[in-house]
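A.B. asks: This is the structure I want to talk about, given as structure tokens.
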Amino acid sequence: MTRLSQLLLPTEREPPADAEAISHKLMVRAGLVRQLGTGLWSWLPAGWRVHQKVVQIIREEIDAIGGQEMLMPVLQPADAWRKTGRYEIDELLKLQDRKGAEMVLAMTHEECVTTHVAQVVRSYRDLPFSVYHFQTKERDEPRPRAGVLRTREFIMKDAYTFDRDEAGLDVAYEAYARAYDRIFERTGLEWYSVESDVGMMGGSGAHEYMAPCAAGENEVALAPGYAANVEIASAEPQPVDVSAPLDAPERVHTPDATTVEAVARLLDVPAGALLKAFPIVVDDGAGRAGGLVLVVVRGDHRVNEIKLANALGAPWRPAREDEIADKIGPPGFIGPVGATVPILLDEAVGDGGYVAGANERDHHLRGVQPGRDFAFERVDVRKVEAGDTVGGTPITLEPAIEVGNIFKLGTRYSVPLGATYLDVDGREQPIVMGSYGIGPARIVAAAVEQFADEKGIAWPRALAPWDVEVVALGKPGSDELAAAEGLCRELRTIGLDVLLDDRDAGPGAKFADAELLGCPLRLTVGRRSLQDGRAEAQIRRGLRSVEGGIPLEGAADAVAELWRTLP
RNA sequence: CGGGAUGUAGCUCAGCCUGGUAGAGCACCGCGUUUGGGACGCGGGGGUCGUCGGUUCGAAUCCGGCCAUCCCGACCA
């Protein structure tokens with residue numbers, strides 16, 4: 001039992017002046033966390049209890065699938081990071097020790113764990129296995145934000161699997177996916193897993209675990225049976241009226257109409273009947289090096305930069321105005337017809353006569369038919385929009401916090417770091433890896449975001465810093481306080497964590513703080529209820545009062561029964 | 001890295017335009033009263049006004065540099 005009179009719980013009436021996100025405001029107001037600097041947060045006792053509840057849930061579920069907990073250092077020699085190419089990442093914090101040796105502060109632990117595995121694993125008999133730890137990550141984020149949602153230092157559960165081959169990785173990946181399902185289900189969060197981008201560094205599959213909430217940094221496309229990060233989402237476009245193609249493109253005068261909106265208005269066609277040309281320069285050695293490429297999407301659509309990079313299989317940048325003017329046409333009036341550069345045409349562009357830039361100042365072309373009037377390569381590079389359909393059902397887009405991810409790394413790290421084994425035939429093979437992250441702090445913040453109301457936080461049972469807060473209304477030394485202490489002892493017998501508000505404060509202050517802190521159940525012992533031999537009970541989620549409260553005689557049974565019904 | 005904003009007491013802010021004794025509410029300390037929804041009275045403590053420099057007889061206030069923090073965007077293994 002924790003006595004509030006002894007607890008370091010600095011609650012505030014007002015949120016920090018510059019806070020925006022609900023979780024930022026409430027976690028500070030409730031005395032859970034305090035800021036030290038940009039993106040640097042201390043967890044105060046009550047907040048740390050919540051964090052550790054999340055950690056314990058994760059630990060139990062990863063242990064259950066055979067993960068082995070260990071611990072690796074944050075401060076690491078730069079050497080392995082140079083070998084994997086990650087030394088160049090801007091977010092990586094670099095420093096020197098007193099001897100001048102290059103060191104880094106780890107942002108994840110692939111380099112470290114793979115280095116060890118390279119030394120230790122010799123034979124296919126040593127595989128597969130999985131290890132994990134909870135450890136601080138350091139990232140020199142360009143823009144930390146929203147309290148503990150995006151910080152420069154945070155604790156991550158990162159797990160790694162090591163397998164003989166892709167088939168083994170698939171099994172491990174699936175086991176982690178099921179463990180993650182159980183973890184997020186146990187937290188009480190609203191969550192879902194989505195397909196996600198595997199990034200430029202390869203990897204053959206990835207999922208993100210998302211907690212929807214207003215402060216989320218990611219956008220997720222949702223339809224029944226479909227959930228994907230908008231970074232990679234695909235959907236059927238909404239229909240648009242496109243006129244029939246003309247026998248040949250017709251040149252029309254469109255003075256100063258350099259935007260889709262202006263052209264659509266001038267020619268009285270929907271924006272979707274235009275072809276939007278997006279010139280880029282692809283940065284690879286595969287025949288397109290240094291060359292311009294024209295990406296063409298429907299006029300009412302936008303290019304999704306990540307989908308484009310994935311379609312190209314290479315980095316790219318927008319073309320500069322001089323490059324466009326030089327190779328294609330006057331900026332604002334460029335189009336695919338007659339362009340001498342490769343053309344990528346988005347899937348959402350169907351048959352029909354489109355309006356496109358004429359590659360001539362103040363002119364567009366009408367009745368342009370893809371295929372007939374220009375050659376193209378078909379790609380899916382547009383950003384999906386709310387109302388697009390998947391399997392006939394419209395999708396919605398909603399913001400979400402990424403609270404976890406699972407990733408098939410393959411041999412991305414084992415090859416540069418020499419993590420190999422000898423197979424049954426005595427041949428050397430690279431170990432096939434997976435990595436699996438969860439950010440407990442984000443789970444905490446997401447829970448605050450999802451369940452807060454105007455009074456404060458309303459924790460899910462599994463995460464609350466204490467299960468029950470007992471509010472004693474009397475002064476220190478009063479009958480009410482004595483009865484409240486007795487009640488706390490009762491509750492301990494059924495394994496509940498109890499916080500007792502034994503402060504010398506008015507009822508208003510105690511109730512307000514209890515609702516701010518958000519323990520799932522509040523029991524109040526005051527003069528009134530004491531006369532009846534009862535404690536009043538309020539369920540925090542929804543602020544529902546329990547009819548008649550609970551009897552002080554036999555409180556353990558009554559509360560145990562009530563507890564089972566709480567969210 | 002671009003754009004915007006803010007730095008005055010522990011917190012939320014006023015004062016700055018128009019230079020002249022540094023303020024309020026809450027919080028805190030003492031005494032007393034009070035105890036079912038953030039009490040009341042009386043008394044009290046607490047601030048290099050982010051920082052460095054400039055202008056001025058005199059700077060929280062005007063000017064400049066720097067630093068810090070927040071928001072939007074870019075970025076995000």
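In the structure tokens, each chain is lettered A, B, ... as it comes, each chain's residues begin at 1, and ligands are numbered from 1 in order of appearance.
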List as a list of chain:residue names the protein and nucleic acid residues near B:U6, meaning an atom at most 9 Å away when only C-alpha atoms (C1' of nucleotides) are counted, but skip any in the same chain fewer than 3 places from it.
C.D. replies: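 In the requested form, the answer reads A:Asp18, B:U69, B:C70.
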A.B. asks: Within 9 Å of A:Ala512, counting only C-alpha atoms (C1' of nucleotides), which residues show up once you throw out same-chain ones fewer than 6 positions away? Write them as a list in words, please.
C.D. replies: Lys455 and Gly456 of chain A; G37 and G38 of chain B
A.B. asks: Include N, CA and C atoms (P, O5', C5', C4', C3', O3' and C1' of nucleotides) and write out the residues we just selected as a PDB file, in the first residue's frame.
C.D. replies:
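Produced file again03.pdb, reproduced below:
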```pdb
ATOM      1  N   LYS A 455     -11.753  14.981 -16.986  1.00  0.00           N
ATOM      2  CA  LYS A 455     -11.239  14.978 -15.621  1.00  0.00           C
ATOM      3  C   LYS A 455      -9.801  14.472 -15.536  1.00  0.00           C
ATOM      4  N   GLY A 456      -9.366  13.752 -16.556  1.00  0.00           N
ATOM      5  CA  GLY A 456      -8.006  13.221 -16.494  1.00  0.00           C
ATOM      6  C   GLY A 456      -7.886  11.865 -17.158  1.00  0.00           C
TER       7      GLY A 456
ATOM      8  P     G B  37     -18.607  19.061  -1.331  1.00  0.00           P
ATOM      9  O5'   G B  37     -17.161  18.596  -1.812  1.00  0.00           O
ATOM     10  C5'   G B  37     -16.059  19.521  -1.796  1.00  0.00           C
ATOM     11  C4'   G B  37     -15.581  19.737  -3.204  1.00  0.00           C
ATOM     12  C3'   G B  37     -16.571  20.458  -4.119  1.00  0.00           C
ATOM     13  O3'   G B  37     -15.837  21.255  -5.040  1.00  0.00           O
ATOM     14  C1'   G B  37     -16.039  18.387  -5.049  1.00  0.00           C
ATOM     15  P     G B  38     -15.232  22.667  -4.395  1.00  0.00           P
ATOM     16  O5'   G B  38     -13.779  22.190  -3.976  1.00  0.00           O
ATOM     17  C5'   G B  38     -12.918  21.661  -4.950  1.00  0.00           C
ATOM     18  C4'   G B  38     -11.498  21.858  -4.484  1.00  0.00           C
ATOM     19  C3'   G B  38     -11.061  23.323  -4.430  1.00  0.00           C
ATOM     20  O3'   G B  38     -10.082  23.377  -3.424  1.00  0.00           O
ATOM     21  C1'   G B  38      -9.715  22.124  -5.934  1.00  0.00           C
TER      22        G B  38
END
```
A.B. asks: Quick one: of B:A14, B:A74, B:C28, B:C57, who's nearest to B:G44, counting only C-alpha atoms (C1' of nucleotides)?
C.D. replies: B:C28
A.B. asks: Using only C-alpha atoms (C1' of nucleotides), which chain A residues lie at most 6 Å away from chain B, written as a list of chain:residue names?
C.D. replies: A:Asp18, A:Gly506, A:Gly508, A:Ala509
A.B. asks: Name the closest residue to B:U56 among the candidates B:G20, B:C42, B:G2, B:G10; distances are taken between atoms, counting only C-alpha atoms (C1' of nucleotides).
C.D. replies: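 Among B:G20, B:C42, B:G2, B:G10, it is B:G20 that comes nearest to B:U56.
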A.B. asks: Which residue out of A:Val293, A:Gly37, A:His133, A:Ala505 has the minimum interatomic distance to A:Leu71 when only C-alpha atoms are used?
C.D. replies: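 Ranking A:Val293, A:Gly37, A:His133, A:Ala505 by distance to A:Leu71, first place goes to A:His133.
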A.B. asks: Residues of stretch 150-371 of chain A in strand (DSSP E) according to DSSP, as an NGL selection string?
C.D. replies: :A and (153-163 or 192-195 or 205-212 or 218-223 or 226-229 or 250-253 or 275-282 or 292-298 or 316-318 or 343-346 or 354-360 or 363-368)
A.B. asks: Write the residues you've just listed into a file as a compact mmCIF listing (two decimals), in the first residue's frame, and include C-alpha atoms for each of them.
C.D. replies:
```txt
# COMPACT_ATOMS: atom_id res chain seq x y z
CA GLU A 153 16.09 8.88 -25.25
CA PHE A 154 13.66 6.08 -24.51
CA ILE A 155 13.48 2.47 -23.47
CA MET A 156 12.69 -0.09 -26.13
CA LYS A 157 12.07 -3.76 -25.95
CA ASP A 158 14.05 -4.99 -28.90
CA ALA A 159 14.13 -8.65 -29.76
CA TYR A 160 16.15 -10.47 -32.40
CA THR A 161 15.70 -13.87 -34.00
CA PHE A 162 18.41 -15.91 -35.66
CA ASP A 163 17.51 -18.62 -38.14
CA TYR A 192 -4.29 -3.09 -34.84
CA SER A 193 -1.42 -4.36 -36.91
CA VAL A 194 -0.80 -2.96 -40.35
CA GLU A 195 1.41 -3.77 -43.26
CA GLY A 205 8.22 -8.18 -44.66
CA ALA A 206 7.20 -5.84 -41.91
CA HIS A 207 4.21 -5.04 -39.77
CA GLU A 208 3.57 -2.15 -37.47
CA TYR A 209 1.36 -2.24 -34.41
CA MET A 210 -0.69 0.89 -34.24
CA ALA A 211 -2.70 2.52 -31.47
CA PRO A 212 -5.19 4.97 -32.96
CA ASN A 218 1.23 7.97 -38.62
CA GLU A 219 -1.79 7.70 -40.84
CA VAL A 220 -3.44 4.37 -41.30
CA ALA A 221 -5.84 3.31 -44.05
CA LEU A 222 -8.62 1.11 -42.72
CA ALA A 223 -11.38 -0.97 -44.22
CA TYR A 226 -7.71 -4.21 -44.42
CA ALA A 227 -5.26 -2.07 -42.46
CA ALA A 228 -2.12 -0.49 -43.87
CA ASN A 229 0.13 2.42 -43.17
CA GLU A 250 -5.97 18.71 -79.36
CA ARG A 251 -3.85 21.69 -78.38
CA VAL A 252 -5.68 24.24 -76.23
CA HIS A 253 -4.63 27.67 -75.06
CA LEU A 275 -2.74 14.10 -65.80
CA LYS A 276 -0.40 15.53 -63.20
CA ALA A 277 3.24 15.25 -64.24
CA PHE A 278 5.79 14.95 -61.47
CA PRO A 279 9.36 15.06 -62.76
CA ILE A 280 12.00 13.33 -60.66
CA VAL A 281 15.62 12.36 -60.89
CA VAL A 282 16.35 8.77 -59.97
CA LEU A 292 14.89 12.32 -65.48
CA VAL A 293 11.78 10.25 -65.05
CA LEU A 294 8.27 11.61 -65.39
CA VAL A 295 5.81 10.24 -62.86
CA VAL A 296 2.21 10.74 -63.95
CA VAL A 297 -0.78 10.53 -61.59
CA ARG A 298 -4.39 11.60 -61.85
CA TRP A 316 14.98 9.81 -55.92
CA ARG A 317 14.59 13.55 -55.69
CA PRO A 318 12.28 16.07 -57.33
CA ILE A 343 7.21 7.68 -68.03
CA LEU A 344 5.72 5.96 -64.99
CA LEU A 345 1.93 6.00 -65.05
CA ASP A 346 -0.07 5.47 -61.89
CA TYR A 354 -7.20 13.23 -70.38
CA VAL A 355 -5.94 16.77 -70.22
CA ALA A 356 -2.16 17.01 -69.96
CA GLY A 357 0.53 19.65 -70.24
CA ALA A 358 1.63 20.30 -73.82
CA ASN A 359 5.30 20.91 -72.95
CA GLU A 360 4.73 24.35 -74.41
CA HIS A 363 -0.81 25.29 -73.63
CA HIS A 364 -2.29 21.95 -72.65
CA LEU A 365 -3.48 18.98 -74.65
CA ARG A 366 -7.02 17.63 -74.56
CA GLY A 367 -8.14 14.09 -75.36
CA VAL A 368 -4.84 12.46 -74.49
```
A.B. asks: Quick one: DSSP helix (DSSP H, G or I) residues in stretch 91-124 of chain A, as a list in words?
C.D. replies: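 Answer for stretch 91-124 of chain A restricted to helix (DSSP H, G or I) is Glu110, Glu111, Cys112, Val113, Thr114, Thr115, His116, Val117, Ala118, Gln119, Val120 and Tyr124 of chain A.
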A.B. asks: Skip A:Gly85 itself and residues of its chain fewer than 6 positions away, then list as an MDAnalysis selection string all residues within 12 Å of it, counting only C-alpha atoms (C1' of nucleotides).
C.D. replies: (chainID A and resid 78:79 92 111 201 412:413 415:417) or (chainID B and resid 77)
A.B. asks: When you look at A:Asp97 with a cut-off of 12 Å (counting only C-alpha atoms (C1' of nucleotides)), what residues show up, excluding the ones that are within fewer than 4 positions of it in the same chain? I need them as a PyMOL selection string.
C.D. replies: chain A and resi 75-78+101-105
A.B. asks: The selected residues should be written to file as a PDB file, in the first residue's frame (atoms: all heavy atoms).
C.D. replies:
```pdb
ATOM      1  N   LEU A  75      26.437   2.421 -24.880  1.00  0.00           N
ATOM      2  CA  LEU A  75      27.693   2.984 -25.400  1.00  0.00           C
ATOM      3  C   LEU A  75      28.448   1.886 -26.133  1.00  0.00           C
ATOM      4  O   LEU A  75      28.720   0.830 -25.557  1.00  0.00           O
ATOM      5  CB  LEU A  75      28.521   3.530 -24.236  1.00  0.00           C
ATOM      6  CG  LEU A  75      29.875   4.153 -24.577  1.00  0.00           C
ATOM      7  CD1 LEU A  75      29.699   5.384 -25.445  1.00  0.00           C
ATOM      8  CD2 LEU A  75      30.634   4.486 -23.295  1.00  0.00           C
ATOM      9  N   GLN A  76      28.756   2.144 -27.413  1.00  0.00           N
ATOM     10  CA  GLN A  76      29.346   1.087 -28.224  1.00  0.00           C
ATOM     11  C   GLN A  76      30.460   1.630 -29.107  1.00  0.00           C
ATOM     12  O   GLN A  76      30.419   2.790 -29.515  1.00  0.00           O
ATOM     13  CB  GLN A  76      28.259   0.485 -29.148  1.00  0.00           C
ATOM     14  CG  GLN A  76      27.061  -0.055 -28.381  1.00  0.00           C
ATOM     15  CD  GLN A  76      26.053  -0.730 -29.290  1.00  0.00           C
ATOM     16  OE1 GLN A  76      26.244  -0.801 -30.513  1.00  0.00           O
ATOM     17  NE2 GLN A  76      24.996  -1.240 -28.695  1.00  0.00           N
ATOM     18  N   PRO A  77      31.433   0.789 -29.434  1.00  0.00           N
ATOM     19  CA  PRO A  77      32.447   1.196 -30.412  1.00  0.00           C
ATOM     20  C   PRO A  77      31.793   1.450 -31.772  1.00  0.00           C
ATOM     21  O   PRO A  77      30.823   0.789 -32.127  1.00  0.00           O
ATOM     22  CB  PRO A  77      33.383  -0.020 -30.488  1.00  0.00           C
ATOM     23  CG  PRO A  77      33.088  -0.830 -29.279  1.00  0.00           C
ATOM     24  CD  PRO A  77      31.654  -0.570 -28.923  1.00  0.00           C
ATOM     25  N   ALA A  78      32.332   2.398 -32.509  1.00  0.00           N
ATOM     26  CA  ALA A  78      31.733   2.773 -33.784  1.00  0.00           C
ATOM     27  C   ALA A  78      31.967   1.725 -34.871  1.00  0.00           C
ATOM     28  O   ALA A  78      31.258   1.704 -35.884  1.00  0.00           O
ATOM     29  CB  ALA A  78      32.297   4.114 -34.244  1.00  0.00           C
ATOM     30  N   ALA A 101      38.929   7.285 -29.086  1.00  0.00           N
ATOM     31  CA  ALA A 101      38.275   6.222 -29.860  1.00  0.00           C
ATOM     32  C   ALA A 101      36.857   6.638 -30.228  1.00  0.00           C
ATOM     33  O   ALA A 101      36.149   7.230 -29.422  1.00  0.00           O
ATOM     34  CB  ALA A 101      38.246   4.934 -29.039  1.00  0.00           C
ATOM     35  N   GLU A 102      36.451   6.322 -31.454  1.00  0.00           N
ATOM     36  CA  GLU A 102      35.117   6.670 -31.937  1.00  0.00           C
ATOM     37  C   GLU A 102      34.087   5.744 -31.285  1.00  0.00           C
ATOM     38  O   GLU A 102      34.201   4.521 -31.345  1.00  0.00           O
ATOM     39  CB  GLU A 102      35.048   6.480 -33.453  1.00  0.00           C
ATOM     40  CG  GLU A 102      36.092   7.248 -34.232  1.00  0.00           C
ATOM     41  CD  GLU A 102      35.723   8.712 -34.398  1.00  0.00           C
ATOM     42  OE1 GLU A 102      34.570   9.071 -34.071  1.00  0.00           O
ATOM     43  OE2 GLU A 102      36.584   9.489 -34.849  1.00  0.00           O
ATOM     44  N   MET A 103      33.087   6.392 -30.674  1.00  0.00           N
ATOM     45  CA  MET A 103      32.027   5.632 -30.022  1.00  0.00           C
ATOM     46  C   MET A 103      30.677   6.128 -30.536  1.00  0.00           C
ATOM     47  O   MET A 103      30.581   7.219 -31.098  1.00  0.00           O
ATOM     48  CB  MET A 103      32.055   5.843 -28.499  1.00  0.00           C
ATOM     49  CG  MET A 103      33.421   5.632 -27.837  1.00  0.00           C
ATOM     50  SD  MET A 103      33.978   3.918 -27.882  1.00  0.00           S
ATOM     51  CE  MET A 103      32.907   3.178 -26.641  1.00  0.00           C
ATOM     52  N   VAL A 104      29.644   5.321 -30.313  1.00  0.00           N
ATOM     53  CA  VAL A 104      28.290   5.773 -30.624  1.00  0.00           C
ATOM     54  C   VAL A 104      27.385   5.419 -29.443  1.00  0.00           C
ATOM     55  O   VAL A 104      27.714   4.554 -28.628  1.00  0.00           O
ATOM     56  CB  VAL A 104      27.722   5.124 -31.912  1.00  0.00           C
ATOM     57  CG1 VAL A 104      28.664   5.340 -33.086  1.00  0.00           C
ATOM     58  CG2 VAL A 104      27.443   3.637 -31.699  1.00  0.00           C
ATOM     59  N   LEU A 105      26.260   6.112 -29.367  1.00  0.00           N
ATOM     60  CA  LEU A 105      25.197   5.713 -28.452  1.00  0.00           C
ATOM     61  C   LEU A 105      24.142   5.013 -29.300  1.00  0.00           C
ATOM     62  O   LEU A 105      23.607   5.597 -30.244  1.00  0.00           O
ATOM     63  CB  LEU A 105      24.619   6.931 -27.726  1.00  0.00           C
ATOM     64  CG  LEU A 105      25.619   7.655 -26.824  1.00  0.00           C
ATOM     65  CD1 LEU A 105      25.002   8.934 -26.255  1.00  0.00           C
ATOM     66  CD2 LEU A 105      26.083   6.744 -25.693  1.00  0.00           C
TER      67      LEU A 105
END
```
A.B. asks: Can you tell me how far atom CA of A:Gly335 sits from atom CA of A:Val269, in Å to one decimal?
C.D. replies: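 Here the two named atoms are 17.1 Å from each other.
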A.B. asks: With only C-alpha atoms as the atoms that count, which of A:Val33, A:Val341, A:Val28, A:Cys488 lies nearest to A:Ile328?
C.D. replies: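 Ranked by minimum distance to A:Ile328, first place goes to A:Val341.
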